[in-house]
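All remarks here apply to the structure that follows.
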Amino acid sequence: MKRLISIFILLLILSVSLYAQDEKKEPEYGWKKQVVGDLNFTQNAFTDWQQGGEDSWSWALNLNAKFENDQPDYNWANSGKFAYGESKVGDQGSRKAADEIKLESVYTMKFGPTINPYAAAGFMTQFSKGYKYTDAGKVAVSNLLDPGYITESIGAEYKPNETIKTRAGLAAKQTITSDFPGYADDPETAKVEDFKNEIGAESVTDLNLKVSERILYESKLEIFSNLKATDEIDVNWDNTFSAKVSELIKVSFNFRVLYDKDIFYKRQLKQTLAVGLSYSFL
């Protein structure tokens, strides 16, 4: 995990050095709005196919929204990420392949050219019930708002250019559960808790690097450290490479690293390669 974070820090340093000499452009104040939807579908069917194989299909729908109000004395940035998808192989029932709801709002006061104070709030959960599949069958392990994560933070933001910005400060993180209290329960107590509040420090870094006219690399590294256990750092690192083939067709590769010792003692990895339709609503 430390090696992955070190690699990301090197990418940040490279990005800052590459874009530090960018010409200053006159800022365009006011609301900036963007809503982009992606729909990906894959299907395989076999009839008398002697080399073997099973019928399969998968689909995924992603919606990313950004609403930002930039003014001379403040910036208010709001974003939302919504994803859901399913897949089916052979005679197995359909299974969830993607499920995420993530909201974030950051308010920054402008006192200086690059470093300014901020206040932020975030929320994360999923749409539907999630299962763990075993030889004995499936077992439910999560659901809508179960768990749900809420964060609040204040601190300082550093934004040297439009490619990269990072913020760090004090934060509070709440975990809410109902039917699956394991996400919030403290195993050292006899009572089973369905709510957990953590006070600590956070660091959030956003990278938006335009590799070429049609290729974009977007990365978000979120780190939270509980002050009671500074050796247990929660990490959520989301990376997406996207290439625009045409006005409607896009290829994307997503790689996500998640580490939270309260959920699982090992780091979790997820990767998705998708080709599908992309449409900008705003």
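Each chain in the structure tokens gets a letter, A, B and so on, in the order shown; residues start at 1 in every chain, and ligands are counted from 1 in the order they appear.
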- Task: Would you mind listing what lies within 12 Å of A:Asp186 as a ChimeraX atom specification, with only C-alpha atoms counted and same-chain residues fewer than 2 positions away left out?
- Result: /A:175,181-184,188-198,262-263
- Neighbours of stretch 221-237 of chain A within 7 Å (only C-alpha atoms; same-chain residues fewer than 3 positions away dropped), as a PyMOL selection string? chain A and resi 198-206+256-261
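Those residues that approach stretch 251-255 of chain A to within 9 Å, counting only C-alpha atoms, are Trp237, Asp238, Asn239, Thr240, Phe241, Ser242, Ala243, Lys244, Val245, Ile249, Val257, Leu269, Lys270, Gln271, Thr272, Leu273, Ala274, Val275, Gly276 and Leu277 of chain A; same-chain residues fewer than 2 positions away are not listed.
Considering only C-alpha atoms, the residue among A:Tyr265, A:Phe46, A:Tyr29, A:Tyr279 positioned nearest to A:Asn75 is A:Tyr29.
Interatomic distance, atom CA of A:Lys88 to atom CA of A:Gly137: 15.8 Å.
Across A:Val211, A:Ala156, A:Leu282, A:Ala98, the tightest approach to A:Leu61 is made by A:Ala98 when counting only C-alpha atoms.
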- Using DSSP on the backbone coordinates, identify all residues within stretch 64-96 of chain A classified as strand (DSSP E); present the result as number ranges by chain. A: 64-70, 74-89, 95-96
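Here atom CA of A:Ala136 stands at a distance of 26.2 Å from atom CA of A:Asp185.
By only C-alpha atoms, and with residues fewer than 3 positions from A:Ser280 along its chain excluded, the set lying at most 12 Å from it is Lys33, Gln34, Val35, Val36, Gly37, Asp38, Leu39, Asn62, Leu63, Asn64, Ala65, Lys66, Glu247, Leu248, Ile249, Lys250 and Leu277 of chain A.
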Those residues with C-alpha atoms, as a tab-separated table (two decimals), in the first residue's frame please?
```
chain	number	residue	atom	x	y	z
A	33	LYS	CA	-22.08	22.38	-15.19
A	34	GLN	CA	-21.30	18.94	-16.58
A	35	VAL	CA	-23.34	15.72	-16.60
A	36	VAL	CA	-21.93	12.76	-18.54
A	37	GLY	CA	-23.51	9.31	-18.84
A	38	ASP	CA	-21.83	6.10	-20.04
A	39	LEU	CA	-23.61	2.87	-21.03
A	62	ASN	CA	-22.30	5.35	-15.10
A	63	LEU	CA	-23.38	8.92	-14.46
A	64	ASN	CA	-20.92	11.63	-13.44
A	65	ALA	CA	-22.09	15.13	-12.56
A	66	LYS	CA	-20.16	18.28	-11.65
A	247	GLU	CA	-18.50	11.76	-30.28
A	248	LEU	CA	-20.53	8.90	-28.79
A	249	ILE	CA	-18.10	5.99	-28.31
A	250	LYS	CA	-15.62	5.88	-25.43
A	277	LEU	CA	-21.70	4.88	-25.45
```
- For atom CA of A:Glu68 and atom CA of A:Ser128, determine how far apart the two atoms are, in Å to one decimal place. 29.1 Å
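Using only C-alpha atoms, the contacts of A:Lys210 at a cut-off of 12 Å, with sequence neighbours closer than 3 positions omitted, comprise Ser15, Leu18, Tyr19, Glu162, Thr163, Ile164, Leu207, Glu213, Arg214, Ile215, Leu216, Tyr217, Glu218, Ser219, Thr240, Phe241, Ser242, Ala243 and Lys244 of chain A.
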Since we have the selection now, will you write its residues out, keeping C-alpha atoms, as a short mmCIF file (atom, residue, chain, number, x, y, z; two decimals), in the first residue's frame?
```
data_model
loop_
_atom_site.label_atom_id
_atom_site.label_comp_id
_atom_site.auth_asym_id
_atom_site.auth_seq_id
_atom_site.Cartn_x
_atom_site.Cartn_y
_atom_site.Cartn_z
CA SER A 15 2.10 16.73 -13.11
CA LEU A 18 4.78 19.69 -16.32
CA TYR A 19 2.05 22.24 -15.87
CA GLU A 162 -6.19 23.31 -13.19
CA THR A 163 -4.56 19.88 -13.47
CA ILE A 164 -4.10 19.07 -9.81
CA LEU A 207 -5.63 14.82 -10.67
CA GLU A 213 -6.67 15.44 -27.33
CA ARG A 214 -8.66 12.24 -26.87
CA ILE A 215 -7.11 10.60 -23.80
CA LEU A 216 -7.80 11.72 -20.22
CA TYR A 217 -6.42 10.39 -16.94
CA GLU A 218 -8.48 11.15 -13.82
CA SER A 219 -7.39 10.12 -10.35
CA THR A 240 -9.68 6.13 -14.75
CA PHE A 241 -8.10 6.29 -18.20
CA SER A 242 -10.65 7.25 -20.85
CA ALA A 243 -10.20 7.54 -24.62
CA LYS A 244 -12.79 9.15 -26.86
#
```
- Residue nearest A:Pro27 - candidates A:Gln50, A:Trp59, A:Gly93, A:Asn161, atoms counted: only C-alpha atoms: A:Asn161
